[in-house]
Amino acid sequence: MPIRRFGGHRSLVSQNPKLSYGFTKMNVSRSGYRVFSANSSAACTELAKKITERLGVELGKSVVYQESNSETRVDVKESVRGQDIFIIQTIPRDVNTAIMELLVMAYALKTSCAKNIIGVIPYFPYSKQCKMRKRGSIVCKLLSSMLAKAGLTHIITMDLHQKEIQGFFTFPVDNLRASPFLIQYIQEEIPDYRNAIIVAKSPSAAKRAQSYAERLRLGLAVIHGEAHQSESDMADGRNSPPLSRTTTGHTGLELPCKTNNIETGKEGLLLFEYSCFGI
C-alpha cells in the first residue's frame, strides 16, 4: 500500500494563531491573571494603570458607562475564561454608583467563566454601618452578601472601620494596614516631626493613636467630649413593658376570672403579669 505523507501540514499553521474565541495569544495573560478597572473615576483608572505597569501586564479591556436612564452597563472586551481577575475600584463621592459598577462587573466576569474574582477596594463603603442603631440595619452585612452573590471570591481592602467586619463575609478578606507607609512618610518627609504630637479625635480612636505615638516616640492627646445623640442608648419604645409609667398606687395581684369565656381568661392573665411588675 502506498504510504501517505503529510509533509505540508506545517504551512497551515500561522505564526500568530488565533484562539477559538477570536483573540490572539498576545491578548491572553501568560501569568494567568488579568487586572480590570471599574472606571468609577479618573483616579481609579490611573491607579489601575500604575498597578499594571508595576506588574508588567496589560490593563484588561472593558467598557463601563452609564446609560441615559442612569443604569450601569459593563462590556468585557476580551476572554477571561479560567483566569484570576482583579477588579480595581476606588470609592468616590457617588458611593452607590461605584458599588453598582463593582457588582455588575463582577457578575459579568462570573458569567464569562472567570476562575477567581478578587476585588481591590482601598476604602470599603458602608463600613461604618456595621452595628445596629435603633431600628436601622447593618448595611455592611447586606453589602457583603451582595458582593458574594455577584461572584467575588476575595477582597483586598485597607483599614476597615472594625476588624470584626471580616466575619460578615463568606470568602477571605485581606485587611491591609496603611500605618507602615504613613509612619515612613512622616519620618522621611517631615524634618521636625519630633516636635509634633499625636491626637486622637475620640476615646474610641485612642488605641490606634497610641500605636502611632509609640512607634514614632511622640506624645499622645485624646479629645474627650459628650457622645452624639445617635450614639447614646436612649429609650425608643421597644421595651415591653415600658420602663416607667405613672401610677396612683399598687393595685395588688389580680387573678384571672374563672369563666367559660376564653378571651376573658387571657385578659385576666395579662393583667396578672403586669401586676407582677408593679404597674
# chains A, B, ... in the order shown; residues from 1 in each chain; ligands from 1
$ residues_around --residues "Leu109 of chain A" --least-positions-apart "4" --cutoff "8 Å" --atoms "only C-alpha atoms" --output "list in words"
Val76, Val80, Met105, Cys113, Ala114 and Ile117 of chain A
$ closest_residue --among "A:Lys149, A:His161, A:Arg133, A:Lys110" --to "Gln83 of chain A" --atoms "only C-alpha atoms"
A:Lys110
$ closest_residue --among "A:Val57, A:Leu147, A:Leu152, A:Ile165" --to "Lys131 of chain A" --atoms "only C-alpha atoms"
A:Ile165
$ select_by_dssp --residues "segment 50-150 of chain A" --states "strand (DSSP E)" --output "MDAnalysis selection string"
chainID A and resid 62:66 72:76 84:88 116:121
$ select_by_dssp --residues "segment 30-211 of chain A" --states "helix (DSSP H, G or I)" --output "short mmCIF file (atom, residue, chain, number, x, y, z; two decimals) with N, CA and C atoms, in the first residue's frame"
data_model
loop_
_atom_site.label_atom_id
_atom_site.label_comp_id
_atom_site.auth_asym_id
_atom_site.auth_seq_id
_atom_site.Cartn_x
_atom_site.Cartn_y
_atom_site.Cartn_z
N ALA A 42 -11.50 59.02 37.29
CA ALA A 42 -10.17 59.09 36.67
C ALA A 42 -9.10 58.58 37.62
N ALA A 43 -9.30 58.77 38.92
CA ALA A 43 -8.32 58.28 39.90
C ALA A 43 -8.27 56.76 39.89
N CYS A 44 -9.41 56.10 39.70
CA CYS A 44 -9.44 54.64 39.66
C CYS A 44 -8.68 54.12 38.44
N THR A 45 -8.90 54.73 37.30
CA THR A 45 -8.19 54.32 36.09
C THR A 45 -6.69 54.55 36.21
N GLU A 46 -6.30 55.68 36.81
CA GLU A 46 -4.89 55.97 36.99
C GLU A 46 -4.24 54.96 37.93
N LEU A 47 -4.94 54.61 39.02
CA LEU A 47 -4.40 53.62 39.95
C LEU A 47 -4.25 52.27 39.28
N ALA A 48 -5.24 51.87 38.48
CA ALA A 48 -5.15 50.58 37.79
C ALA A 48 -3.99 50.56 36.80
N LYS A 49 -3.75 51.68 36.11
CA LYS A 49 -2.62 51.73 35.16
C LYS A 49 -1.28 51.63 35.88
N LYS A 50 -1.15 52.27 37.04
CA LYS A 50 0.10 52.18 37.78
C LYS A 50 0.34 50.76 38.29
N ILE A 51 -0.72 50.09 38.69
CA ILE A 51 -0.57 48.70 39.17
C ILE A 51 -0.14 47.79 38.04
N THR A 52 -0.76 47.93 36.88
CA THR A 52 -0.40 47.08 35.75
C THR A 52 1.02 47.37 35.26
N GLU A 53 1.44 48.63 35.29
CA GLU A 53 2.81 48.96 34.91
C GLU A 53 3.81 48.34 35.86
N ARG A 54 3.48 48.32 37.14
CA ARG A 54 4.38 47.72 38.13
C ARG A 54 4.43 46.20 37.96
N LEU A 55 3.31 45.58 37.59
CA LEU A 55 3.27 44.14 37.40
C LEU A 55 3.78 43.71 36.03
N VAL A 95 -21.10 57.02 46.03
CA VAL A 95 -20.79 55.68 46.54
C VAL A 95 -21.67 54.62 45.87
N ASN A 96 -22.95 54.89 45.74
CA ASN A 96 -23.87 53.87 45.22
C ASN A 96 -23.56 53.52 43.77
N THR A 97 -23.17 54.49 42.97
CA THR A 97 -22.80 54.20 41.58
C THR A 97 -21.56 53.33 41.53
N ALA A 98 -20.59 53.62 42.38
CA ALA A 98 -19.37 52.81 42.42
C ALA A 98 -19.67 51.37 42.83
N ILE A 99 -20.59 51.19 43.76
CA ILE A 99 -20.96 49.83 44.18
C ILE A 99 -21.62 49.08 43.05
N MET A 100 -22.51 49.75 42.31
CA MET A 100 -23.18 49.08 41.19
C MET A 100 -22.18 48.73 40.09
N GLU A 101 -21.20 49.59 39.84
CA GLU A 101 -20.17 49.26 38.85
C GLU A 101 -19.41 48.01 39.26
N LEU A 102 -19.07 47.92 40.54
CA LEU A 102 -18.35 46.75 41.02
C LEU A 102 -19.19 45.49 40.93
N LEU A 103 -20.46 45.57 41.32
CA LEU A 103 -21.34 44.40 41.28
C LEU A 103 -21.58 43.93 39.86
N VAL A 104 -21.88 44.87 38.95
CA VAL A 104 -22.18 44.48 37.57
C VAL A 104 -20.94 43.91 36.88
N MET A 105 -19.77 44.51 37.12
CA MET A 105 -18.55 43.98 36.51
C MET A 105 -18.21 42.60 37.06
N ALA A 106 -18.35 42.41 38.36
CA ALA A 106 -18.08 41.10 38.95
C ALA A 106 -19.01 40.04 38.38
N TYR A 107 -20.27 40.38 38.21
CA TYR A 107 -21.22 39.41 37.67
C TYR A 107 -20.94 39.13 36.19
N ALA A 108 -20.52 40.16 35.45
CA ALA A 108 -20.17 39.96 34.05
C ALA A 108 -18.96 39.03 33.91
N LEU A 109 -17.98 39.18 34.80
CA LEU A 109 -16.81 38.30 34.76
C LEU A 109 -17.16 36.90 35.23
N LYS A 110 -18.08 36.80 36.16
CA LYS A 110 -18.51 35.48 36.63
C LYS A 110 -19.21 34.70 35.52
N THR A 111 -20.09 35.37 34.79
CA THR A 111 -20.78 34.70 33.69
C THR A 111 -19.85 34.45 32.50
N VAL A 139 -25.97 47.59 57.31
CA VAL A 139 -25.85 47.68 55.85
C VAL A 139 -24.56 47.00 55.38
N CYS A 140 -23.52 47.00 56.20
CA CYS A 140 -22.26 46.37 55.82
C CYS A 140 -22.45 44.88 55.57
N LYS A 141 -23.29 44.24 56.37
CA LYS A 141 -23.59 42.82 56.16
C LYS A 141 -24.35 42.61 54.86
N LEU A 142 -25.27 43.50 54.55
CA LEU A 142 -26.02 43.43 53.29
C LEU A 142 -25.08 43.55 52.10
N LEU A 143 -24.14 44.49 52.16
CA LEU A 143 -23.21 44.69 51.06
C LEU A 143 -22.31 43.47 50.87
N SER A 144 -21.87 42.86 51.95
CA SER A 144 -21.03 41.67 51.84
C SER A 144 -21.78 40.52 51.17
N SER A 145 -23.06 40.38 51.47
CA SER A 145 -23.87 39.33 50.82
C SER A 145 -24.05 39.62 49.33
N MET A 146 -24.23 40.90 48.97
CA MET A 146 -24.38 41.27 47.57
C MET A 146 -23.10 41.00 46.78
N LEU A 147 -21.94 41.28 47.37
CA LEU A 147 -20.67 41.03 46.68
C LEU A 147 -20.46 39.54 46.47
N ALA A 148 -20.80 38.74 47.46
CA ALA A 148 -20.65 37.29 47.32
C ALA A 148 -21.61 36.74 46.26
N LYS A 149 -22.83 37.28 46.21
CA LYS A 149 -23.80 36.84 45.21
C LYS A 149 -23.37 37.24 43.81
N ALA A 150 -22.71 38.40 43.68
CA ALA A 150 -22.27 38.86 42.36
C ALA A 150 -21.14 38.03 41.80
N LYS A 163 -12.41 45.57 62.74
CA LYS A 163 -11.86 44.30 62.24
C LYS A 163 -12.90 43.21 62.18
N GLU A 164 -13.92 43.30 63.03
CA GLU A 164 -14.96 42.27 63.06
C GLU A 164 -15.80 42.23 61.79
N ILE A 165 -15.68 43.24 60.94
CA ILE A 165 -16.44 43.24 59.68
C ILE A 165 -16.06 42.04 58.82
N GLN A 166 -14.85 41.54 58.96
CA GLN A 166 -14.42 40.38 58.16
C GLN A 166 -15.31 39.17 58.40
N GLY A 167 -15.95 39.10 59.55
CA GLY A 167 -16.85 37.98 59.82
C GLY A 167 -18.15 38.03 59.04
N PHE A 168 -18.47 39.17 58.41
CA PHE A 168 -19.67 39.26 57.59
C PHE A 168 -19.54 38.50 56.28
N SER A 179 -0.58 52.03 58.14
CA SER A 179 0.27 52.67 59.14
C SER A 179 1.76 52.59 58.82
N PRO A 180 2.31 51.47 58.31
CA PRO A 180 3.75 51.47 57.99
C PRO A 180 4.14 52.52 56.96
N PHE A 181 3.29 52.74 55.95
CA PHE A 181 3.61 53.73 54.93
C PHE A 181 3.45 55.16 55.47
N LEU A 182 2.44 55.37 56.32
CA LEU A 182 2.26 56.69 56.89
C LEU A 182 3.41 57.05 57.83
N ILE A 183 3.85 56.08 58.62
CA ILE A 183 4.97 56.33 59.53
C ILE A 183 6.24 56.60 58.74
N GLN A 184 6.45 55.84 57.67
CA GLN A 184 7.63 56.08 56.84
C GLN A 184 7.57 57.45 56.19
N TYR A 185 6.40 57.86 55.74
CA TYR A 185 6.26 59.19 55.13
C TYR A 185 6.54 60.29 56.15
N ILE A 186 6.04 60.14 57.37
CA ILE A 186 6.27 61.16 58.40
C ILE A 186 7.76 61.26 58.72
N GLN A 187 8.43 60.13 58.84
CA GLN A 187 9.84 60.14 59.21
C GLN A 187 10.73 60.70 58.10
N GLU A 188 10.34 60.49 56.85
CA GLU A 188 11.19 60.91 55.74
C GLU A 188 10.85 62.29 55.20
N GLU A 189 9.60 62.69 55.27
CA GLU A 189 9.17 63.93 54.62
C GLU A 189 8.97 65.09 55.59
N TYR A 193 9.42 66.39 62.82
CA TYR A 193 8.26 65.67 63.35
C TYR A 193 8.43 65.34 64.83
N ARG A 194 9.64 65.44 65.37
CA ARG A 194 9.86 65.16 66.78
C ARG A 194 9.13 66.16 67.67
N ASN A 195 8.83 67.34 67.14
CA ASN A 195 8.13 68.36 67.92
C ASN A 195 6.62 68.24 67.81
N PRO A 203 -12.17 59.04 72.33
CA PRO A 203 -11.60 57.94 73.12
C PRO A 203 -11.57 56.61 72.39
N SER A 204 -12.50 56.39 71.46
CA SER A 204 -12.51 55.13 70.73
C SER A 204 -11.31 55.01 69.79
N ALA A 205 -10.72 56.15 69.38
CA ALA A 205 -9.56 56.14 68.49
C ALA A 205 -8.24 56.22 69.24
N ALA A 206 -8.29 56.15 70.57
CA ALA A 206 -7.07 56.30 71.36
C ALA A 206 -6.13 55.12 71.18
N LYS A 207 -6.67 53.94 70.99
CA LYS A 207 -5.81 52.76 70.85
C LYS A 207 -4.96 52.84 69.59
N ARG A 208 -5.56 53.23 68.49
CA ARG A 208 -4.81 53.35 67.23
C ARG A 208 -3.82 54.53 67.30
N ALA A 209 -4.25 55.64 67.91
CA ALA A 209 -3.34 56.77 68.04
C ALA A 209 -2.16 56.42 68.94
N GLN A 210 -2.40 55.62 69.96
CA GLN A 210 -1.30 55.20 70.83
C GLN A 210 -0.28 54.36 70.07
N SER A 211 -0.75 53.54 69.13
CA SER A 211 0.16 52.74 68.33
C SER A 211 1.09 53.63 67.50
#
$ atom_distance --atom1 "atom CA of Ser70 of chain A" --atom2 "atom CA of Asn39 of chain A"
15.1 Å
$ residues_around --residues "Phe36 of chain A" --least-positions-apart "4" --cutoff "9 Å" --atoms "only C-alpha atoms" --output "PyMOL selection string"
chain A and resi 48+59-62+85-89
$ closest_residue --among "A:Ser202, A:Asp84, A:Ser127, A:Ile190" --to "Ser112 of chain A" --atoms "only C-alpha atoms"
A:Asp84
